[in-house]
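my_file.cif follows (mmCIF, C-alpha atoms):
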data_final
loop_
_atom_site.label_atom_id
_atom_site.label_comp_id
_atom_site.auth_asym_id
_atom_site.auth_seq_id
_atom_site.Cartn_x
_atom_site.Cartn_y
_atom_site.Cartn_z
CA MET A 1 0.00 0.00 0.00
CA LYS A 2 1.29 3.47 -0.85
CA SER A 3 1.69 5.70 2.16
CA ALA A 4 -0.05 9.07 2.45
CA PHE A 5 2.00 12.17 1.76
CA LEU A 6 1.73 15.96 1.90
CA ILE A 7 1.79 18.59 -0.84
CA PRO A 8 3.00 21.96 0.47
CA TYR A 9 1.55 25.11 -1.04
CA THR A 10 1.12 28.81 -0.27
CA GLU A 11 -2.53 29.78 -0.16
CA SER A 12 -3.60 33.27 -1.21
CA GLY A 13 -6.33 35.44 0.32
CA ALA A 14 -7.51 36.03 3.88
CA ASN A 15 -6.64 32.47 4.91
CA GLY A 16 -3.24 32.67 3.26
CA GLY A 17 -0.12 31.04 4.58
CA LEU A 18 1.83 27.85 4.24
CA ARG A 19 -0.45 24.81 4.10
CA PHE A 20 -0.08 21.13 3.32
CA VAL A 21 -2.71 19.18 1.39
CA TYR A 22 -3.00 15.65 2.72
CA THR A 23 -3.60 13.11 -0.05
CA LYS A 24 -3.02 9.44 -0.75
CA GLN A 25 -2.19 9.87 -4.44
CA LYS A 26 0.46 11.96 -6.19
CA GLN A 27 -1.96 14.48 -7.62
CA LEU A 28 -3.67 17.74 -6.79
CA ALA A 29 -6.99 16.34 -5.76
CA GLN A 30 -9.59 16.45 -3.08
CA ILE A 31 -10.16 13.29 -1.12
CA ASN A 32 -13.32 11.98 -2.71
CA ASP A 33 -14.53 9.36 -0.32
CA ALA A 34 -17.39 8.95 2.14
CA LEU A 35 -16.37 12.25 3.74
CA LYS A 36 -17.37 14.10 0.57
CA LYS A 37 -14.54 16.27 -0.68
CA THR A 38 -12.73 16.95 2.56
CA ILE A 39 -9.41 18.76 2.39
CA PHE A 40 -7.10 17.65 5.20
CA VAL A 41 -4.61 20.34 6.15
CA LEU A 42 -1.54 20.37 8.36
CA VAL A 43 -0.70 23.79 9.81
CA LEU A 44 3.00 24.54 10.00
CA SER A 45 4.13 26.14 13.27
CA GLY A 46 7.74 27.28 13.06
CA THR A 47 9.58 24.33 11.61
CA ALA A 48 7.40 21.58 13.03
CA PHE A 49 3.93 20.31 12.21
CA ALA A 50 1.68 21.53 14.99
CA HIS A 51 -1.59 19.75 14.37
CA ALA A 52 -3.64 17.91 11.78
CA PHE A 53 -7.31 18.67 11.37
CA PRO A 54 -10.08 18.65 8.75
CA ARG A 55 -10.67 22.21 7.59
CA LYS A 56 -13.86 23.42 5.92
CA ILE A 57 -13.07 26.07 3.31
CA SER A 58 -14.71 26.96 0.01
CA GLY A 59 -14.07 28.86 -3.20
CA THR A 60 -11.13 28.91 -5.58
CA ARG A 61 -7.65 29.03 -4.09
CA ALA A 62 -4.50 30.15 -5.88
CA ALA A 63 -1.82 27.79 -4.67
CA THR A 64 1.86 28.30 -5.48
CA PHE A 65 3.70 25.01 -5.14
CA PRO A 66 7.46 24.67 -4.76
CA SER A 67 9.40 23.24 -7.66
CA ALA A 68 9.96 20.08 -5.66
CA ASP A 69 8.30 18.65 -2.59
CA PRO A 70 11.07 17.82 -0.08
CA LEU A 71 8.86 15.15 1.48
CA THR A 72 8.14 13.23 -1.71
CA HIS A 73 10.63 14.60 -4.25
CA THR A 74 7.65 15.13 -6.54
CA ARG A 75 7.60 18.21 -8.75
CA PHE A 76 4.63 20.60 -8.77
CA SER A 77 3.78 23.89 -10.42
CA LYS A 78 1.39 26.77 -9.72
CA HIS A 79 -2.14 25.48 -9.85
CA TYR A 80 -5.63 26.84 -9.28
CA PHE A 81 -8.11 24.46 -7.74
CA ASP A 82 -11.56 24.53 -6.16
CA ILE A 83 -12.15 23.44 -2.60
CA THR A 84 -15.72 22.42 -1.79
CA PRO A 85 -17.03 22.69 1.79
CA ILE A 86 -18.35 19.52 3.33
CA PRO A 87 -22.13 19.46 2.83
CA ASP A 88 -24.63 18.00 5.25
CA ASP A 89 -25.38 14.38 4.48
CA THR A 90 -29.02 13.80 3.55
CA ILE A 91 -30.47 10.35 4.13
CA ASN A 92 -33.83 9.50 2.59
CA ALA A 93 -35.05 6.24 4.09
CA CYS A 94 -38.25 4.21 4.11
CA GLY A 95 -40.02 3.01 7.23
CA THR A 96 -39.84 4.04 10.87
CA SER A 97 -36.07 3.95 11.40
CA THR A 98 -32.72 3.91 9.66
CA VAL A 99 -29.16 3.11 10.75
CA LEU A 100 -26.59 5.91 10.34
CA ASN A 101 -22.85 5.25 10.06
CA SER A 102 -20.04 7.55 11.15
CA GLY A 103 -17.03 8.20 8.94
CA THR A 104 -13.31 7.82 9.57
CA ILE A 105 -10.86 10.73 9.92
CA PRO A 106 -7.11 10.05 10.13
CA GLY A 107 -5.88 10.84 13.65
CA TYR A 108 -9.40 11.14 15.11
CA SER A 109 -11.35 8.53 17.05
CA ASN A 110 -14.18 7.89 19.51
CA PRO A 111 -17.25 8.50 17.31
CA THR A 112 -20.13 9.99 19.27
CA TRP A 113 -23.61 11.10 18.22
CA SER A 114 -25.89 14.07 18.88
CA ASP A 115 -27.64 12.31 21.79
CA GLY A 116 -24.33 11.61 23.56
CA SER A 117 -24.18 7.92 22.63
CA SER A 118 -20.98 6.43 21.24
CA GLY A 119 -20.15 3.93 18.53
CA SER A 120 -19.85 3.84 14.76
CA THR A 121 -23.61 3.41 14.18
CA PHE A 122 -26.76 5.14 15.36
CA THR A 123 -30.44 4.28 14.80
CA ALA A 124 -32.56 7.31 13.88
CA THR A 125 -36.24 6.72 14.67
CA SER A 126 -37.64 10.04 13.42
CA SER A 127 -36.95 12.59 10.72
CA GLY A 128 -34.64 15.42 11.77
CA THR A 129 -31.04 16.63 11.88
CA TYR A 130 -28.46 14.47 13.66
CA TRP A 131 -24.68 14.65 13.81
CA TRP A 132 -21.73 12.41 14.46
CA GLN A 133 -18.29 13.54 15.48
CA VAL A 134 -14.84 12.14 16.02
CA THR A 135 -12.29 13.81 18.24
CA GLY A 136 -8.58 14.13 18.71
CA ALA A 137 -6.92 13.92 22.11
CA ASN A 138 -8.74 15.51 25.05
CA VAL A 139 -6.56 18.38 26.31
CA VAL A 140 -8.38 18.73 29.65
CA THR A 141 -5.95 17.62 32.35
CA ASN A 142 -8.33 15.97 34.81
CA GLY A 143 -11.71 16.00 33.10
CA ASP A 144 -12.98 12.88 34.88
CA PHE A 145 -11.71 14.12 38.29
CA SER A 146 -10.04 10.78 38.90
CA SER A 147 -6.94 12.67 40.15
CA GLY A 148 -8.98 14.65 42.66
CA ASN A 149 -8.82 18.40 43.12
CA ILE A 150 -6.02 19.14 40.66
CA GLY A 151 -5.69 20.48 37.10
CA PHE A 152 -8.39 23.16 37.42
CA THR A 153 -9.35 26.26 39.38
CA SER A 154 -12.68 27.54 40.69
CA SER A 155 -14.08 30.80 42.01
CA TYR A 156 -16.02 28.67 44.51
CA ASN A 157 -14.31 27.46 47.67
CA MET A 158 -13.56 23.89 48.63
CA PRO A 159 -14.26 23.60 52.38
CA SER A 160 -12.60 20.86 54.36
CA SER A 161 -15.18 21.22 57.13
CA CYS A 162 -18.30 23.20 57.98
CA ALA A 163 -18.65 23.95 61.71
CA GLY A 164 -22.24 24.10 62.90
CA CYS A 165 -23.63 23.12 59.50
CA CYS A 166 -26.66 20.90 59.28
CA CYS A 167 -25.77 18.72 56.39
CA GLY A 168 -22.09 18.43 55.58
CA VAL A 169 -19.21 20.36 54.05
CA LEU A 170 -21.34 21.62 51.14
CA THR A 171 -24.12 23.07 53.31
CA ARG A 172 -23.31 26.64 52.27
CA GLU A 173 -23.70 28.00 48.73
CA GLY A 174 -20.69 28.69 46.53
CA ALA A 175 -18.81 25.57 47.54
CA TYR A 176 -17.59 22.45 45.72
CA ALA A 177 -16.04 19.09 46.47
CA VAL A 178 -14.51 16.28 44.47
CA ASN A 179 -16.08 13.08 45.71
CA SER A 180 -17.46 9.70 44.65
CA ASN A 181 -20.97 10.33 46.02
CA PRO A 182 -22.79 13.68 46.49
CA ARG A 183 -24.40 12.42 49.70
CA ASN A 184 -20.96 12.14 51.26
CA VAL A 185 -20.66 15.94 51.20
CA HIS A 186 -24.32 16.90 51.79
CA SER A 187 -26.80 14.63 53.55
CA ARG A 188 -29.72 15.92 51.42
CA PHE A 189 -28.07 15.41 48.05
CA SER A 190 -28.83 12.34 45.93
CA SER A 191 -26.80 9.20 46.45
CA MET A 192 -25.28 8.24 43.09
CA GLY A 193 -22.12 7.25 41.22
CA ASP A 194 -20.01 9.25 38.80
CA HIS A 195 -20.55 9.21 35.04
CA THR A 196 -17.21 7.64 34.07
CA SER A 197 -17.50 4.30 35.80
CA GLY A 198 -20.15 4.62 38.50
CA SER A 199 -17.50 4.34 41.20
CA GLY A 200 -15.06 7.16 40.40
CA GLU A 201 -14.86 10.84 41.31
CA MET A 202 -16.96 13.81 40.16
CA LEU A 203 -17.22 17.53 40.85
CA VAL A 204 -20.11 18.18 43.27
CA VAL A 205 -21.33 21.78 43.58
CA ASN A 206 -23.65 23.80 45.82
CA GLY A 207 -24.28 26.69 43.44
CA ALA A 208 -24.06 30.32 44.57
CA PRO A 209 -26.97 32.74 43.88
CA VAL A 210 -24.70 34.94 41.76
CA THR A 211 -24.40 34.86 37.97
CA GLY A 212 -21.12 34.89 36.11
CA VAL A 213 -19.15 33.02 38.77
CA THR A 214 -16.73 30.43 37.41
CA VAL A 215 -17.42 26.93 38.72
CA TRP A 216 -14.59 25.22 36.83
CA ASN A 217 -11.70 26.67 34.79
CA GLU A 218 -8.58 25.40 33.04
CA ASN A 219 -6.08 27.08 30.73
CA ILE A 220 -5.47 25.02 27.60
CA THR A 221 -3.42 25.47 24.43
CA VAL A 222 -5.22 25.87 21.10
CA LEU A 223 -4.15 26.16 17.48
CA PRO A 224 -5.59 28.69 15.04
CA ASN A 225 -8.38 27.86 12.57
CA THR A 226 -9.31 24.65 14.36
CA ASP A 227 -12.71 23.28 15.38
CA TYR A 228 -12.88 22.14 19.01
CA VAL A 229 -15.63 20.37 20.92
CA PHE A 230 -16.35 21.40 24.52
CA SER A 231 -18.58 18.89 26.28
CA VAL A 232 -19.63 17.89 29.77
CA TRP A 233 -21.92 15.45 31.55
CA ALA A 234 -24.00 17.01 34.31
CA THR A 235 -26.82 16.05 36.69
CA SER A 236 -28.90 17.61 39.42
CA VAL A 237 -28.24 16.26 42.91
CA ASN A 238 -31.24 18.17 44.34
CA PRO A 239 -34.52 18.50 42.38
CA VAL A 240 -35.09 22.14 43.39
CA SER A 241 -34.14 24.84 40.84
CA PRO A 242 -31.87 22.80 38.49
CA ALA A 243 -28.55 24.35 37.55
CA ILE A 244 -28.06 26.71 34.62
CA LEU A 245 -24.44 26.83 33.49
CA GLN A 246 -22.72 28.25 30.44
CA PHE A 247 -19.68 27.20 28.45
CA SER A 248 -17.06 29.95 28.32
CA ILE A 249 -14.05 29.95 25.98
CA ASN A 250 -11.43 32.69 26.09
CA GLY A 251 -13.87 34.90 28.01
CA GLY A 252 -16.72 34.49 25.53
CA ALA A 253 -19.93 32.72 26.51
CA LEU A 254 -21.48 30.16 24.17
CA GLY A 255 -23.98 27.36 24.70
CA THR A 256 -26.16 26.86 27.77
CA ILE A 257 -26.13 23.89 30.12
CA ALA A 258 -29.68 23.90 31.49
CA LEU A 259 -30.45 20.80 33.51
CA SER A 260 -34.01 19.62 32.94
CA SER A 261 -36.42 19.61 35.87
CA SER A 262 -38.26 16.68 34.28
CA VAL A 263 -35.20 14.43 34.53
CA ALA A 264 -34.66 12.62 37.82
CA THR A 265 -31.74 13.62 40.01
CA GLY A 266 -28.73 11.40 39.47
CA THR A 267 -29.50 11.00 35.75
CA TRP A 268 -26.53 12.21 33.72
CA GLN A 269 -27.32 14.61 30.86
CA TYR A 270 -24.96 15.42 27.98
CA PHE A 271 -24.17 18.96 26.82
CA THR A 272 -21.84 19.98 24.01
CA THR A 273 -20.84 22.93 21.85
CA VAL A 274 -18.37 23.38 18.99
CA TRP A 275 -16.00 26.35 18.80
CA ASN A 276 -13.64 27.45 16.05
CA SER A 277 -10.44 29.08 17.26
CA GLY A 278 -10.17 31.48 14.30
CA SER A 279 -7.03 33.54 14.81
CA ALA A 280 -6.73 32.59 18.51
CA SER A 281 -3.70 30.52 19.47
CA GLY A 282 -1.63 29.65 22.51
CA SER A 283 -3.01 29.37 26.04
CA ILE A 284 -6.63 30.40 26.62
CA PRO A 285 -9.08 29.80 29.50
CA ILE A 286 -12.07 27.49 29.15
CA ALA A 287 -14.70 27.46 31.89
CA LEU A 288 -18.11 26.42 33.19
CA VAL A 289 -19.89 29.49 34.56
CA ASN A 290 -22.93 29.61 36.89
CA GLN A 291 -26.01 31.47 35.56
CA ASN A 292 -28.59 30.42 38.19
CA THR A 293 -29.43 32.99 40.90
CA ALA A 294 -31.44 30.66 43.14
CA ALA A 295 -30.09 30.18 46.67
CA SER A 296 -32.38 27.21 47.26
CA GLY A 297 -31.42 24.32 45.01
CA ASN A 298 -28.94 24.86 42.17
CA ASP A 299 -27.06 21.80 43.37
CA PHE A 300 -25.38 19.68 40.73
CA ALA A 301 -22.49 17.45 39.70
CA VAL A 302 -20.36 17.47 36.56
CA ASP A 303 -18.03 14.85 35.12
CA ASP A 304 -16.05 13.84 32.04
CA ILE A 305 -15.26 17.32 30.74
CA VAL A 306 -13.78 17.20 27.23
CA PHE A 307 -12.09 19.86 25.13
CA ALA A 308 -10.60 18.39 21.98
CA PRO A 309 -10.11 19.06 18.27
CA VAL A 310 -13.18 17.74 16.51
CA TYR A 311 -14.64 16.84 13.15
CA ARG A 312 -18.45 17.03 13.18
CA GLN A 313 -20.75 15.99 10.33
CA LYS A 314 -24.45 16.79 10.23
CA VAL A 315 -26.86 14.21 8.84
CA VAL A 316 -30.37 15.21 7.76
CA VAL A 317 -32.73 12.22 7.96
CA ASN A 318 -36.02 12.05 6.08
CA LEU A 319 -38.07 8.99 7.05
CA ASN A 320 -40.81 8.25 4.54
CA PRO A 321 -43.70 5.89 5.32
CA LEU A 322 -44.07 2.57 3.56
CA PRO A 323 -47.12 2.43 1.29
CA VAL A 324 -49.91 0.23 2.61
CA LEU A 325 -51.31 -2.01 -0.11
CA THR A 326 -54.56 -3.99 0.23
CA LEU A 327 -55.99 -6.38 -2.33
CA SER A 328 -59.32 -8.08 -2.92
CA PRO A 329 -59.65 -11.59 -4.40
CA SER A 330 -61.86 -11.88 -7.43
CA ASN A 331 -63.49 -14.19 -9.94
CA ALA A 332 -63.76 -13.37 -13.62
CA CYS A 333 -64.84 -14.89 -16.87
CA ASN A 334 -62.26 -15.56 -19.55
CA SER A 335 -59.76 -12.84 -18.44
CA TYR A 336 -59.14 -10.37 -15.63
CA ASP A 337 -57.56 -6.96 -15.10
CA LEU A 338 -55.26 -7.30 -12.04
CA THR A 339 -55.45 -3.58 -11.32
CA ASN A 340 -59.06 -4.18 -10.27
CA ALA A 341 -57.79 -6.25 -7.33
CA ILE A 342 -55.98 -3.22 -5.89
CA ASN A 343 -57.98 -1.19 -3.41
CA GLY A 344 -57.47 2.49 -4.23
CA TYR A 345 -55.48 1.87 -7.42
CA ASP A 346 -53.53 5.11 -8.13
CA PRO A 347 -51.02 4.90 -11.01
CA THR A 348 -50.18 8.62 -10.76
CA THR A 349 -48.71 8.11 -7.25
CA TYR A 350 -47.48 4.51 -7.37
CA ILE A 351 -45.68 2.08 -9.65
CA TYR A 352 -47.13 -1.43 -9.38
CA ASN A 353 -45.20 -4.69 -9.81
CA TYR A 354 -46.97 -7.97 -10.55
CA THR A 355 -45.60 -11.53 -10.32
CA ASP A 356 -47.23 -14.94 -10.64
CA SER A 357 -46.96 -17.87 -8.23
CA SER A 358 -43.63 -18.86 -9.82
CA GLY A 359 -42.14 -15.41 -9.26
CA ASN A 360 -42.28 -14.45 -12.92
CA THR A 361 -43.24 -10.92 -13.93
CA VAL A 362 -46.74 -10.76 -15.35
CA PRO A 363 -46.28 -9.30 -18.85
CA ASN A 364 -49.80 -7.95 -19.23
CA PRO A 365 -51.46 -7.49 -15.82
CA LYS A 366 -54.53 -5.91 -17.38
CA ASP A 367 -55.37 -9.12 -19.22
CA ILE A 368 -54.56 -12.31 -17.34
CA THR A 369 -56.16 -15.54 -18.47
CA GLN A 370 -54.79 -18.02 -15.92
CA SER A 371 -56.24 -18.64 -12.45
CA GLY A 372 -53.73 -18.43 -9.62
CA THR A 373 -52.19 -16.47 -6.78
CA TYR A 374 -50.61 -13.20 -7.85
CA THR A 375 -48.23 -11.03 -5.81
CA ILE A 376 -48.41 -7.27 -6.11
CA THR A 377 -46.29 -4.46 -4.61
CA GLU A 378 -46.68 -0.71 -4.98
CA GLN A 379 -43.82 1.79 -4.96
CA ASN A 380 -44.25 5.49 -4.24
CA ILE A 381 -42.94 7.37 -7.28
CA LEU A 382 -41.80 10.37 -5.22
CA THR A 383 -40.08 8.66 -2.26
CA GLY A 384 -39.15 5.32 -3.82
CA CYS A 385 -40.61 3.51 -0.81
CA GLN A 386 -42.19 0.15 -1.56
CA SER A 387 -45.02 -1.64 0.19
CA LEU A 388 -44.82 -5.11 1.61
CA PRO A 389 -45.88 -7.70 -0.99
CA GLU A 390 -49.52 -8.72 -0.93
CA THR A 391 -51.19 -11.66 -2.68
CA ALA A 392 -54.57 -12.06 -4.32
CA THR A 393 -56.16 -15.26 -5.55
CA ILE A 394 -57.82 -14.81 -8.90
CA THR A 395 -60.14 -17.42 -10.38
CA ILE A 396 -60.64 -17.28 -14.15
CA VAL A 397 -63.78 -19.08 -15.37
CA PRO A 398 -63.79 -19.82 -19.12
CA ASN A 399 -66.71 -18.43 -21.08
CA PRO A 400 -69.30 -21.17 -21.82
CA PRO A 401 -69.34 -22.40 -25.43
CA GLN A 402 -71.80 -20.67 -27.77
CA PRO A 403 -74.83 -22.84 -28.54
CA GLY A 404 -74.82 -24.29 -32.07
CA ILE A 405 -77.38 -23.08 -34.70
CA ASN A 406 -78.84 -25.67 -37.08
CA SER A 407 -80.27 -24.63 -40.44
CA LEU A 408 -83.75 -25.74 -41.38
#

As structure tokens - that is how I would like this structure written.
Amino acid sequence: MKSAFLIPYTESGANGGLRFVYTKQKQLAQINDALKKTIFVLVLSGTAFAHAFPRKISGTRAATFPSADPLTHTRFSKHYFDITPIPDDTINACGTSTVLNSGTIPGYSNPTWSDGSSGSTFTATSSGTYWWQVTGANVVTNGDFSSGNIGFTSSYNMPSSCAGCCCGVLTREGAYAVNSNPRNVHSRFSSMGDHTSGSGEMLVVNGAPVTGVTVWNENITVLPNTDYVFSVWATSVNPVSPAILQFSINGGALGTIALSSSVATGTWQYFTTVWNSGSASGSIPIALVNQNTAASGNDFAVDDIVFAPVYRQKVVVNLNPLPVLTLSPSNACNSYDLTNAINGYDPTTYIYNYTDSSGNTVPNPKDITQSGTYTITEQNILTGCQSLPETATITIVPNPPQPGINSL
């Protein structure tokens, strides 16, 4: 198998700079596979490759190639080529469900879906817009809190004790703990396990009645022009006034984490947002910020925080119903029109297929002369969806012979 290689070029325009097209063939070409015309780009930082990521760009690019590629010793010249952005996939399916499949991106793994489930396949049971994503390495230091109270900061305090408190170290608002069970730190919180394994650590919080206060923060390093996913699992540990948090990246708020009051305490809920770094690079803060002002309630836990480079693909699903075909058996003299056996026959909407008991196509269904069991299906012309096969028993009775006429 030939190994993949890189074609360096200088891109003109607002996104100009040294870039490397990732391809598996020695040609100037987009990767035309299941990912639909993705251009993979490596950004050069100094003299070393900093990061590989799928980049969505569109329009015509003027690319000046060096006379020889030092990586492949292949010669190139100036070339103009079109780069097509990745479109949403559209799936038109028949019935009440369809199975979606994620794609594969070099260097990315752990496919997850819009409902928070993981795996390479997902069953969509209704029409709508879904997405799958694959991620690079998680850059959060201690996102599952398995290392305890390290790797992050908080504007809340972490009490080691609470003298005269009724219920534990998290009795007062604006406090947090890293623990394996919320009830260990507040006797009125739910008893439950963490999201990661059910027996590990999580961040447990008694929210303060002040907006804009940072619950969790970490400084991470980002690269320019890169899509990142910021996700978290969260749950209420007290049913009163569920938490309202917000993702914050580099001081800018985006995406709301609003725990649902209709979901039982201790039930983990998934929240995610995607952010493009644009021109930002180097170390920036990412945070979870409190937006609930209730003093009573606003008690929650978070776990498995992820911030990672991401490729996300939207999939638009259109589920079309299967036609419902019903037939009526019939008797006829001499010949029979099979379309008369179809209840609600509608040739402007459906295409009908007819076979005999041997599975052979009936050449002239409007004039059959043999008794037997016939199978019919109907296919919607617009959607392409086909009904289940139905059978009708048709009995053909020969016409009686004409009586003879004798001359006198």

Evaluate the PyMOL selection byres ((chain A and resi 92-94) around 10) and record the selected residues as a list in words, following the chain and residue labels used in the document.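 That expression, the PyMOL selection byres ((chain A and resi 92-94) around 10), corresponds here to Asp89, Thr90, Ile91, Gly95, Thr96, Ser97, Thr98, Val99, Ser127, Val316, Val317, Asn318, Leu319, Asn320, Pro321, Leu322, Pro323, Thr383, Gly384, Cys385, Gln386 and Ser387 of chain A.
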
Which residues, written as a PDB file with C-alpha atoms, keeping the file's coordinate frame, have at least one atom at most 6 Å from range 180-192 of chain A, with only C-alpha atoms counted and residues fewer than 5 positions away on the same chain left out?
ATOM      1  CA  CYS A 167     -25.770  18.720  56.390  1.00  0.00           C
ATOM      2  CA  GLY A 168     -22.090  18.430  55.580  1.00  0.00           C
ATOM      3  CA  VAL A 169     -19.210  20.360  54.050  1.00  0.00           C
ATOM      4  CA  LEU A 170     -21.340  21.620  51.140  1.00  0.00           C
ATOM      5  CA  GLY A 200     -15.060   7.160  40.400  1.00  0.00           C
ATOM      6  CA  GLU A 201     -14.860  10.840  41.310  1.00  0.00           C
ATOM      7  CA  VAL A 237     -28.240  16.260  42.910  1.00  0.00           C
ATOM      8  CA  ASN A 238     -31.240  18.170  44.340  1.00  0.00           C
ATOM      9  CA  GLY A 266     -28.730  11.400  39.470  1.00  0.00           C
TER      10      GLY A 266
END

Expanded to explicit residues, what is the PyMOL selection byres ((chain A and resi 305) around 6) for this file, as a VMD selection string? chain A and resid 143 231 to 232 303 to 304 306

Contacts of Trp268 in chain A at 7 Å or less, counting all atoms listed in the file, minus same-chain residues fewer than 4 places along, as a list of chain:residue names?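 Everything that qualifies: A:His195, A:Trp233, A:Ala234, A:Thr235.
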
Evaluate the PyMOL selection byres ((chain A and resi 176) around 9) and report residues as a PyMOL selection string: chain A and resi 154+156-159+169-170+173-175+177-178+203-207+215

Would you compute the distance between CA of Thr125 in chain A and CA of Val263 in chain A? Give it in Å to one decimal.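 The value is 21.3 Å.
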
I want to know what sits within 10 Å of Asn343 in chain A, based on all atoms listed in the file, with residues of the same chain fewer than 5 positions away left out; could you give that as a list in words?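 In the requested form, the answer reads Leu325, Thr326, Leu327 and Ser328 of chain A.
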
Counting all atoms listed in the file, which residue out of A:Asn298, A:Asn399, A:Thr256, A:Ser155 sits closest to Ser236 in chain A? A:Asn298
